[in-house]
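Undergrad: The following file, upload-v2.cif, comprises mmCIF, C-alpha atoms and all ligand atoms:
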data_start
loop_
_atom_site.label_atom_id
_atom_site.label_comp_id
_atom_site.auth_asym_id
_atom_site.auth_seq_id
_atom_site.Cartn_x
_atom_site.Cartn_y
_atom_site.Cartn_z
CA MET A 1 -152.77 -5.46 -93.12
CA LYS A 2 -154.30 -2.14 -94.11
CA ILE A 3 -157.40 -1.47 -92.04
CA ALA A 4 -160.02 1.29 -92.28
CA LEU A 5 -162.18 2.10 -89.26
CA LEU A 6 -165.41 3.68 -90.48
CA GLY A 7 -166.94 5.10 -87.30
CA CYS A 8 -164.91 5.60 -84.11
CA GLY A 9 -167.54 5.86 -81.37
CA ASN A 10 -167.60 4.33 -77.91
CA LEU A 11 -167.36 0.72 -79.00
CA ILE A 12 -164.71 0.92 -81.73
CA THR A 13 -162.60 3.29 -79.64
CA SER A 14 -162.67 1.01 -76.60
CA ILE A 15 -161.72 -2.03 -78.70
CA PHE A 16 -158.91 -0.33 -80.59
CA GLU A 17 -157.53 1.39 -77.49
CA GLY A 18 -157.01 -2.18 -76.27
CA VAL A 19 -155.40 -3.16 -79.59
CA ALA A 20 -153.05 -0.15 -79.34
CA LYS A 21 -151.57 -1.55 -76.11
CA HIS A 22 -149.85 -4.26 -78.21
CA ASP A 23 -146.82 -2.91 -80.10
CA MET A 24 -146.82 -5.94 -82.39
CA LEU A 25 -150.38 -5.21 -83.58
CA LEU A 26 -149.40 -1.62 -84.35
CA LYS A 27 -146.34 -2.79 -86.29
CA GLU A 28 -148.18 -5.43 -88.30
CA ASN A 29 -151.14 -3.27 -89.32
CA THR A 30 -151.79 0.24 -90.56
CA PHE A 31 -154.95 2.03 -89.49
CA SER A 32 -156.97 4.75 -91.17
CA THR A 33 -160.01 6.24 -89.51
CA TYR A 34 -163.06 8.17 -90.65
CA THR A 35 -166.00 9.82 -88.85
CA PRO A 36 -168.18 12.61 -90.26
CA SER A 37 -167.28 15.11 -87.52
CA MET A 38 -163.58 14.11 -87.57
CA THR A 39 -162.72 14.60 -83.88
CA ARG A 40 -163.12 11.00 -82.79
CA ALA A 41 -161.40 9.75 -85.96
CA GLN A 42 -158.45 12.00 -85.22
CA ASN A 43 -158.24 10.83 -81.58
CA LEU A 44 -158.29 7.17 -82.50
CA ALA A 45 -155.83 7.63 -85.38
CA ASP A 46 -153.40 9.23 -82.90
CA ILE A 47 -153.81 6.31 -80.49
CA LEU A 48 -153.23 3.80 -83.32
CA GLN A 49 -150.35 5.77 -84.86
CA GLY A 50 -152.46 5.91 -88.01
CA LYS A 51 -154.10 8.53 -90.20
CA HIS A 52 -157.58 10.00 -90.23
CA VAL A 53 -159.18 10.98 -93.51
CA LEU A 54 -161.55 13.87 -94.18
CA SER A 55 -163.85 11.84 -96.46
CA PRO A 56 -164.31 8.13 -97.26
CA GLU A 57 -163.40 8.94 -100.88
CA SER A 58 -159.89 9.94 -99.81
CA LEU A 59 -159.20 6.49 -98.30
CA GLU A 60 -156.64 4.52 -100.24
CA SER A 61 -157.53 0.88 -100.94
CA LYS A 62 -157.57 -1.28 -97.76
CA ASP A 63 -157.61 -5.00 -96.95
CA ILE A 64 -160.26 -4.63 -94.23
CA TYR A 65 -163.08 -2.12 -93.74
CA ILE A 66 -164.65 -2.12 -90.27
CA LEU A 67 -168.17 -0.68 -90.11
CA GLY A 68 -168.57 0.85 -86.64
CA PHE A 69 -171.38 3.41 -86.93
CA LYS A 70 -175.00 3.18 -85.74
CA PRO A 71 -177.31 0.74 -87.57
CA GLN A 72 -179.69 3.66 -88.26
CA SER A 73 -176.98 5.20 -90.50
CA TYR A 74 -176.48 1.95 -92.42
CA THR A 75 -178.68 2.52 -95.50
CA ALA A 76 -177.20 5.92 -96.33
CA ALA A 77 -173.64 4.93 -95.42
CA MET A 78 -173.81 1.71 -97.43
CA GLU A 79 -174.61 3.64 -100.64
CA GLN A 80 -171.51 5.74 -100.07
CA TYR A 81 -169.22 2.85 -99.09
CA LYS A 82 -170.33 0.64 -102.00
CA LYS A 83 -168.55 3.10 -104.27
CA ILE A 84 -165.23 3.06 -102.46
CA ILE A 85 -164.77 -0.47 -101.04
CA PRO A 86 -162.90 -2.55 -103.64
CA SER A 87 -164.17 -6.02 -104.48
CA GLY A 88 -162.41 -8.74 -102.48
CA ALA A 89 -161.70 -6.48 -99.50
CA GLN A 90 -163.02 -7.87 -96.20
CA ILE A 91 -165.94 -6.11 -94.54
CA TRP A 92 -166.21 -6.48 -90.78
CA SER A 93 -169.37 -5.12 -89.18
CA VAL A 94 -170.28 -4.56 -85.53
CA LEU A 95 -173.67 -3.06 -86.41
CA ALA A 96 -176.45 -4.52 -84.25
CA GLY A 97 -179.28 -6.11 -86.21
CA ILE A 98 -177.60 -6.08 -89.66
CA ASN A 99 -177.10 -9.75 -90.52
CA VAL A 100 -174.62 -11.46 -92.83
CA ASP A 101 -177.28 -12.03 -95.53
CA ARG A 102 -178.07 -8.36 -95.73
CA LEU A 103 -174.41 -7.33 -95.77
CA SER A 104 -173.67 -9.93 -98.46
CA LYS A 105 -176.56 -8.64 -100.59
CA ASP A 106 -175.28 -5.08 -100.32
CA PHE A 107 -171.62 -6.03 -100.81
CA PRO A 108 -171.83 -9.14 -103.03
CA ASP A 109 -168.14 -9.10 -103.96
CA ASN A 110 -166.77 -8.91 -100.42
CA PRO A 111 -166.23 -11.52 -97.71
CA ILE A 112 -168.27 -10.54 -94.65
CA LEU A 113 -167.55 -10.92 -90.94
CA ARG A 114 -170.29 -9.93 -88.48
CA ILE A 115 -169.10 -9.34 -84.91
CA MET A 116 -171.14 -8.58 -81.80
CA PRO A 117 -168.74 -7.38 -79.11
CA ASN A 118 -169.83 -6.26 -75.65
CA ILE A 119 -168.95 -3.25 -73.56
CA CYS A 120 -166.56 -5.22 -71.31
CA SER A 121 -163.95 -4.87 -74.12
CA LYS A 122 -163.23 -1.57 -72.37
CA VAL A 123 -161.46 -3.49 -69.60
CA GLY A 124 -160.06 -6.28 -71.80
CA GLN A 125 -162.78 -8.75 -70.69
CA GLY A 126 -165.04 -8.54 -73.74
CA ILE A 127 -167.22 -11.21 -75.31
CA ASN A 128 -167.21 -11.21 -79.12
CA LEU A 129 -169.84 -13.29 -80.89
CA TYR A 130 -169.04 -13.72 -84.58
CA ILE A 131 -170.25 -15.28 -87.80
CA HIS A 132 -168.99 -14.95 -91.37
CA SER A 133 -169.89 -15.53 -94.98
CA LYS A 134 -168.82 -18.82 -96.58
CA ASP A 135 -166.09 -17.17 -98.64
CA PHE A 136 -164.42 -15.54 -95.64
CA PRO A 137 -160.64 -16.20 -95.78
CA GLU A 138 -158.80 -18.07 -93.02
CA ARG A 139 -156.22 -15.28 -92.93
CA GLY A 140 -159.01 -12.81 -92.15
CA LEU A 141 -160.19 -14.96 -89.24
CA GLU A 142 -156.65 -15.09 -87.87
CA LYS A 143 -156.50 -11.29 -88.05
CA PHE A 144 -159.87 -11.04 -86.30
CA HIS A 145 -158.67 -13.28 -83.44
CA GLN A 146 -155.48 -11.26 -83.15
CA LEU A 147 -157.22 -7.87 -82.96
CA PHE A 148 -160.42 -8.66 -81.07
CA GLY A 149 -158.57 -11.25 -78.97
CA ALA A 150 -156.66 -8.29 -77.49
CA VAL A 151 -159.84 -7.20 -75.69
CA GLY A 152 -161.77 -10.39 -74.99
CA ASN A 153 -162.81 -13.92 -75.92
CA SER A 154 -164.51 -14.77 -79.23
CA TYR A 155 -167.22 -17.34 -79.95
CA LEU A 156 -168.25 -18.59 -83.42
CA MET A 157 -172.03 -18.69 -83.97
CA ASN A 158 -173.99 -21.20 -86.09
CA SER A 159 -176.38 -18.60 -87.45
CA ASP A 160 -177.35 -14.93 -87.26
CA ASP A 161 -180.42 -15.94 -85.24
CA GLU A 162 -178.19 -17.64 -82.69
CA LEU A 163 -175.96 -14.58 -82.55
CA ASP A 164 -178.98 -12.34 -81.92
CA PHE A 165 -180.31 -14.68 -79.21
CA ILE A 166 -176.98 -15.04 -77.37
CA THR A 167 -176.53 -11.25 -77.52
CA GLY A 168 -179.36 -11.17 -74.94
CA VAL A 169 -176.84 -12.64 -72.48
CA SER A 170 -173.49 -11.27 -73.71
CA GLY A 171 -174.62 -7.82 -74.87
CA CYS A 172 -177.48 -7.06 -72.45
CA GLY A 173 -175.79 -9.04 -69.67
CA PRO A 174 -173.77 -6.18 -68.18
CA ALA A 175 -176.98 -4.09 -67.86
CA LEU A 176 -178.84 -7.07 -66.35
CA ILE A 177 -176.09 -7.61 -63.79
CA TYR A 178 -175.97 -3.89 -62.95
CA ASN A 179 -179.74 -3.86 -62.56
CA PHE A 180 -179.60 -6.86 -60.22
CA LEU A 181 -176.88 -5.18 -58.15
CA GLU A 182 -178.98 -2.02 -58.06
CA THR A 183 -181.79 -4.01 -56.43
CA LEU A 184 -179.39 -5.27 -53.76
CA GLU A 185 -178.07 -1.76 -53.19
CA LYS A 186 -181.67 -0.49 -52.86
CA SER A 187 -182.44 -3.18 -50.29
CA LEU A 188 -179.84 -1.52 -48.02
CA GLU A 189 -181.53 1.88 -48.18
CA THR A 190 -183.45 1.26 -44.95
CA THR A 191 -180.20 0.75 -43.00
CA SER A 192 -177.86 3.32 -41.40
CA LEU A 193 -175.20 2.76 -44.10
CA SER A 194 -174.13 5.81 -46.09
CA LYS A 195 -174.73 5.90 -49.85
CA ASP A 196 -170.97 5.41 -50.44
CA ASP A 197 -170.85 2.42 -48.13
CA ARG A 198 -173.90 0.82 -49.79
CA LYS A 199 -172.21 1.26 -53.15
CA SER A 200 -168.87 -0.10 -51.97
CA ILE A 201 -170.51 -3.15 -50.33
CA VAL A 202 -172.23 -4.03 -53.61
CA ILE A 203 -169.06 -3.54 -55.68
CA ASN A 204 -167.07 -5.65 -53.20
CA LEU A 205 -169.74 -8.31 -53.33
CA ALA A 206 -169.65 -8.47 -57.14
CA ILE A 207 -165.85 -8.49 -57.44
CA GLY A 208 -165.38 -10.96 -54.58
CA SER A 209 -168.00 -13.38 -55.90
CA ILE A 210 -166.60 -13.29 -59.45
CA ASP A 211 -163.01 -13.70 -58.21
CA LEU A 212 -164.10 -16.69 -56.19
CA LEU A 213 -165.86 -18.17 -59.21
CA ALA A 214 -162.88 -17.56 -61.51
CA ASN A 215 -160.53 -19.23 -59.04
CA SER A 216 -162.68 -22.21 -58.14
CA SER A 217 -163.29 -25.48 -59.94
CA GLU A 218 -166.79 -25.79 -58.47
CA GLY A 219 -168.77 -23.76 -60.99
CA LEU A 220 -171.87 -21.64 -60.32
CA GLU A 221 -174.08 -24.36 -58.86
CA GLY A 222 -171.34 -25.78 -56.63
CA LEU A 223 -170.45 -22.38 -55.23
CA ARG A 224 -174.10 -21.51 -54.65
CA ARG A 225 -174.54 -24.74 -52.70
CA SER A 226 -171.35 -24.09 -50.72
CA VAL A 227 -172.78 -20.83 -49.30
CA THR A 228 -176.28 -22.22 -48.72
CA SER A 229 -176.70 -24.34 -45.63
CA ASN A 230 -179.86 -26.36 -45.38
CA LYS A 231 -182.72 -24.28 -43.92
CA GLY A 232 -180.24 -21.46 -43.21
CA VAL A 233 -180.49 -17.75 -43.93
CA THR A 234 -179.29 -17.86 -47.56
CA HIS A 235 -181.62 -20.80 -48.20
CA GLU A 236 -184.59 -18.62 -47.19
CA ALA A 237 -183.53 -15.80 -49.52
CA LEU A 238 -183.04 -18.22 -52.43
CA GLU A 239 -186.42 -19.86 -51.74
CA THR A 240 -188.04 -16.48 -52.37
CA TYR A 241 -186.27 -16.28 -55.74
CA ARG A 242 -187.47 -19.80 -56.51
CA GLU A 243 -191.08 -19.12 -55.50
CA ARG A 244 -191.15 -15.90 -57.53
CA LYS A 245 -189.58 -17.81 -60.47
CA LEU A 246 -186.40 -15.79 -61.07
CA GLU A 247 -185.35 -18.33 -63.73
CA GLY A 248 -188.62 -17.86 -65.64
CA ILE A 249 -188.28 -14.09 -65.45
CA THR A 250 -184.75 -14.33 -66.89
CA LEU A 251 -185.91 -16.57 -69.75
CA ASP A 252 -188.71 -14.11 -70.51
CA ALA A 253 -186.21 -11.24 -70.51
CA MET A 254 -184.01 -13.14 -73.01
CA LYS A 255 -187.03 -13.79 -75.26
CA ALA A 256 -187.98 -10.10 -75.12
CA ALA A 257 -184.43 -9.05 -76.06
CA TYR A 258 -184.39 -11.50 -78.99
CA LYS A 259 -187.81 -10.31 -80.20
CA ARG A 260 -186.56 -6.74 -80.16
CA SER A 261 -183.44 -7.64 -82.16
CA LEU A 262 -185.68 -9.29 -84.80
CA GLU A 263 -187.78 -6.11 -84.96
CA LEU A 264 -184.62 -3.99 -85.39
CA ARG A 265 -183.39 -6.34 -88.11
CA SER A 266 -186.55 -5.79 -90.17
CA GLN A 267 -186.47 -1.97 -89.86
N1 LIG A 301 -171.76 0.44 -77.52
C1 LIG A 301 -171.82 -0.89 -77.35
O1 LIG A 301 -171.66 -1.43 -76.25
C2 LIG A 301 -172.05 -1.80 -78.56
C3 LIG A 301 -172.01 -3.20 -78.40
C4 LIG A 301 -172.19 -4.01 -79.54
C5 LIG A 301 -172.39 -3.44 -80.78
N2 LIG A 301 -172.45 -2.09 -80.90
C6 LIG A 301 -172.63 -1.52 -82.24
O2 LIG A 301 -171.52 -0.66 -82.49
C7 LIG A 301 -171.92 0.39 -83.34
C8 LIG A 301 -171.41 1.71 -82.78
O3 LIG A 301 -171.98 1.92 -81.50
P1 LIG A 301 -171.38 3.03 -80.52
O4 LIG A 301 -172.07 2.88 -79.24
O5 LIG A 301 -169.89 2.99 -80.56
O6 LIG A 301 -171.90 4.37 -81.27
P2 LIG A 301 -171.42 5.87 -81.13
O7 LIG A 301 -170.59 6.06 -79.91
O8 LIG A 301 -172.62 6.73 -81.32
O9 LIG A 301 -170.45 6.08 -82.40
C9 LIG A 301 -170.89 6.09 -83.71
C10 LIG A 301 -169.73 6.55 -84.59
O10 LIG A 301 -170.14 6.43 -85.95
C11 LIG A 301 -169.72 7.60 -86.64
N3 LIG A 301 -170.49 7.72 -87.87
C12 LIG A 301 -171.75 8.16 -88.07
N4 LIG A 301 -172.07 8.05 -89.39
C13 LIG A 301 -170.98 7.52 -90.02
C14 LIG A 301 -170.67 7.18 -91.36
N5 LIG A 301 -171.55 7.35 -92.35
N6 LIG A 301 -169.45 6.65 -91.64
C15 LIG A 301 -168.54 6.47 -90.65
N7 LIG A 301 -168.77 6.78 -89.36
C16 LIG A 301 -169.98 7.30 -89.05
C17 LIG A 301 -169.90 8.71 -85.62
O11 LIG A 301 -169.17 9.82 -86.04
P3 LIG A 301 -169.07 11.19 -85.20
O12 LIG A 301 -168.02 10.94 -84.17
O13 LIG A 301 -168.67 12.17 -86.23
O14 LIG A 301 -170.43 11.42 -84.62
C18 LIG A 301 -169.33 8.02 -84.38
O15 LIG A 301 -167.92 8.10 -84.36
C19 LIG A 301 -173.44 0.31 -83.46
O16 LIG A 301 -173.77 -0.22 -84.71
C20 LIG A 301 -173.86 -0.64 -82.37
O17 LIG A 301 -174.96 -1.42 -82.77
C21 LIG A 301 -172.26 -1.25 -79.83
#
The structure given in the file should be rewritten as structure tokens.

TA:
Amino acid sequence: MKIALLGCGNLITSIFEGVAKHDMLLKENTFSTYTPSMTRAQNLADILQGKHVLSPESLESKDIYILGFKPQSYTAAMEQYKKIIPSGAQIWSVLAGINVDRLSKDFPDNPILRIMPNICSKVGQGINLYIHSKDFPERGLEKFHQLFGAVGNSYLMNSDDELDFITGVSGCGPALIYNFLETLEKSLETTSLSKDDRKSIVINLAIGSIDLLANSSEGLEGLRRSVTSNKGVTHEALETYRERKLEGITLDAMKAAYKRSLELRSQ
């Protein structure tokens, strides 16, 4: 298929660098890239063995147009792209806060796919939430699974609202986990450990715990129980989390993230 990448920033570059590792995907598709300042379009075109164009107007007709710029640029960019995207071509968008309804209103003659990837695509462990317009072709979904499947797992959403809510976990999740690990690292500051050792202990902890989880049939609760003996040391630490209502704090954080995504949607 002929694919145009409109915007080649951090996210689109990390996803398509992953795609470029698969010779078959490079053979089956042709890629054209565009960014206003050209450099990142040129870099990504080289990686994808494709072409970069100097202006959207010089793009030849494509099967798929992937919108990968910032949501703040959407209104101006949409006016420009309306003129060059042929009717029937698929529009895939990764823009946060721009829902399928809005995209369908602006591009009424195009099937729409809205995707919310996360930053872990960079290491091939991404989470892609997606939802599409009713007229979206099966062949387009197969292509989506092929390309985005190269960098992570994909999950179909029931509604844009659901996508925005789950983004609190999948999209904000890496930052939440890093923040939690930061608190553990900070708790070691009163010890004699060097900064490097504190950092490496926390990284080891995260990787080891996740490896254990990925290789165990017990699940989160089972593993937590297996390292918590009754009235033992871990039990005491977890009791503090329970008393201070860690679960409630997390739910509140998810609600706050969702509220913010609704605010961004209406801007
Ligand atoms: N980063 C993430 O983890 C993440 C996760 C989920 C969703 N998203 C969504 O992904 C999108 C991109 O985010 P990002 O972090 O990759 O942004 P970014 O690094 O700032 O990249 C934005 C890209 O858009 C280009 N651009 C600006 N105006 C354009 C236009 N009119 N037409 C085509 N390209 C244009 C920029 O060109 P220049 O190179 O010339 O500046 C740049 O290449 C956002 O909508 C964001 O909501 C990001």

Undergrad: Determine, counting all atoms listed in the file, which protein, DNA and RNA residues have an atom within 7 Å of an atom of Met1 (chain A); residues of the same chain fewer than 3 positions away are not included. Present the result as number ranges by chain.

TA: A: 28-30, 63

Undergrad: Using all atoms listed in the file, which residues have at least one atom no more than 6 Å from ligand LIG 301 (chain A)? Output them as a CSV table (one decimal) with C-alpha atoms, in the coordinates of the input.

TA:
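Result saved to selection.csv:
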chain,number,residue,atom,x,y,z
A,6,LEU,CA,-165.4,3.7,-90.5
A,7,GLY,CA,-166.9,5.1,-87.3
A,8,CYS,CA,-164.9,5.6,-84.1
A,9,GLY,CA,-167.5,5.9,-81.4
A,10,ASN,CA,-167.6,4.3,-77.9
A,11,LEU,CA,-167.4,0.7,-79.0
A,12,ILE,CA,-164.7,0.9,-81.7
A,34,TYR,CA,-163.1,8.2,-90.6
A,35,THR,CA,-166.0,9.8,-88.8
A,36,PRO,CA,-168.2,12.6,-90.3
A,37,SER,CA,-167.3,15.1,-87.5
A,38,MET,CA,-163.6,14.1,-87.6
A,40,ARG,CA,-163.1,11.0,-82.8
A,68,GLY,CA,-168.6,0.8,-86.6
A,69,PHE,CA,-171.4,3.4,-86.9
A,70,LYS,CA,-175.0,3.2,-85.7
A,71,PRO,CA,-177.3,0.7,-87.6
A,73,SER,CA,-177.0,5.2,-90.5
A,77,ALA,CA,-173.6,4.9,-95.4
A,94,VAL,CA,-170.3,-4.6,-85.5
A,95,LEU,CA,-173.7,-3.1,-86.4
A,96,ALA,CA,-176.4,-4.5,-84.2
A,116,MET,CA,-171.1,-8.6,-81.8
A,117,PRO,CA,-168.7,-7.4,-79.1
A,118,ASN,CA,-169.8,-6.3,-75.6
A,119,ILE,CA,-169.0,-3.2,-73.6

Undergrad: Would you list the residues near (-161.0, -11.0, -81.7), meaning any protein, DNA or RNA residue with an atom at most 10 Å from that point in file coordinates, counting only C-alpha atoms, as a VMD selection string?

TA: chain A and resid 15 19 115 117 126 to 130 141 to 155

Undergrad: Using all atoms listed in the file, which residues sit within 7 Å of region 89-92 of chain A once same-chain residues fewer than 6 positions away are excluded, as a ChimeraX atom specification?

TA: /A:62-67,110-114

Undergrad: Counting only C-alpha atoms, which residues have an atom no more than 8 Å from (-154.4, 0.4, -90.4) in the file's coordinates? Please list them as a list in words.

TA: Met1, Lys2, Ile3, Ala4, Asn29, Thr30, Phe31, Ser32, Leu48 and Gly50 of chain A

Undergrad: CA of Asp109 (chain A) to CA of Gly88 (chain A): how many Å, to one decimal?

TA: 5.9 Å

Undergrad: Do you have the CA of Ile84 (chain A)-CA of Ser61 (chain A) distance handy?

TA: 8.1 Å

Undergrad: I need the residue nearest Ser266 (chain A) from this list: A:Ser133, A:Ile210, A:Thr13, A:Gly97. Use only C-alpha atoms for the distance.

TA: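 Among A:Ser133, A:Ile210, A:Thr13, A:Gly97, it is A:Gly97 that comes nearest to Ser266 (chain A).
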
Undergrad: Ranking A:Val202, A:Ile98, A:Ala237, A:Val227 by minimum distance to Thr183 (chain A) and counting only C-alpha atoms, which one comes first?

TA: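 Ranking A:Val202, A:Ile98, A:Ala237, A:Val227 by distance to Thr183 (chain A), first place goes to A:Val202.
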
Undergrad: In Å, rounded to a single decimal, give me how far CA of Ile131 (chain A) is from CA of Lys82 (chain A).

TA: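 The value is 21.3 Å.
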
Undergrad: For region 248-257 of chain A, list every protein, DNA or RNA residue within 10 Å, evaluated using only C-alpha atoms, and leave out those in the same chain fewer than 4 positions away; present the list as an mmCIF file with C-alpha atoms, in the coordinates of the input.

TA:
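Below you can see around-v9.cif, which holds the result:
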data_model
loop_
_atom_site.group_PDB
_atom_site.id
_atom_site.type_symbol
_atom_site.label_atom_id
_atom_site.label_comp_id
_atom_site.auth_asym_id
_atom_site.auth_seq_id
_atom_site.Cartn_x
_atom_site.Cartn_y
_atom_site.Cartn_z
ATOM 1 C CA ASP A 164 -178.980 -12.340 -81.920
ATOM 2 C CA PHE A 165 -180.310 -14.680 -79.210
ATOM 3 C CA ILE A 166 -176.980 -15.040 -77.370
ATOM 4 C CA THR A 167 -176.530 -11.250 -77.520
ATOM 5 C CA GLY A 168 -179.360 -11.170 -74.940
ATOM 6 C CA VAL A 169 -176.840 -12.640 -72.480
ATOM 7 C CA GLY A 171 -174.620 -7.820 -74.870
ATOM 8 C CA CYS A 172 -177.480 -7.060 -72.450
ATOM 9 C CA GLY A 173 -175.790 -9.040 -69.670
ATOM 10 C CA LEU A 176 -178.840 -7.070 -66.350
ATOM 11 C CA ARG A 242 -187.470 -19.800 -56.510
ATOM 12 C CA ARG A 244 -191.150 -15.900 -57.530
ATOM 13 C CA SER A 261 -183.440 -7.640 -82.160
ATOM 14 C CA LEU A 262 -185.680 -9.290 -84.800
ATOM 15 C CA GLU A 263 -187.780 -6.110 -84.960
#

Undergrad: Quick one: axis-aligned box around all listed atoms of region 106-109 of chain A, 5 Å on every side, centre and edge lengths in Å to one decimal, written as JSON.

TA:
{"center_x": -171.7, "center_y": -7.1, "center_z": -102.1, "size_x": 17.1, "size_y": 14.1, "size_z": 13.6}
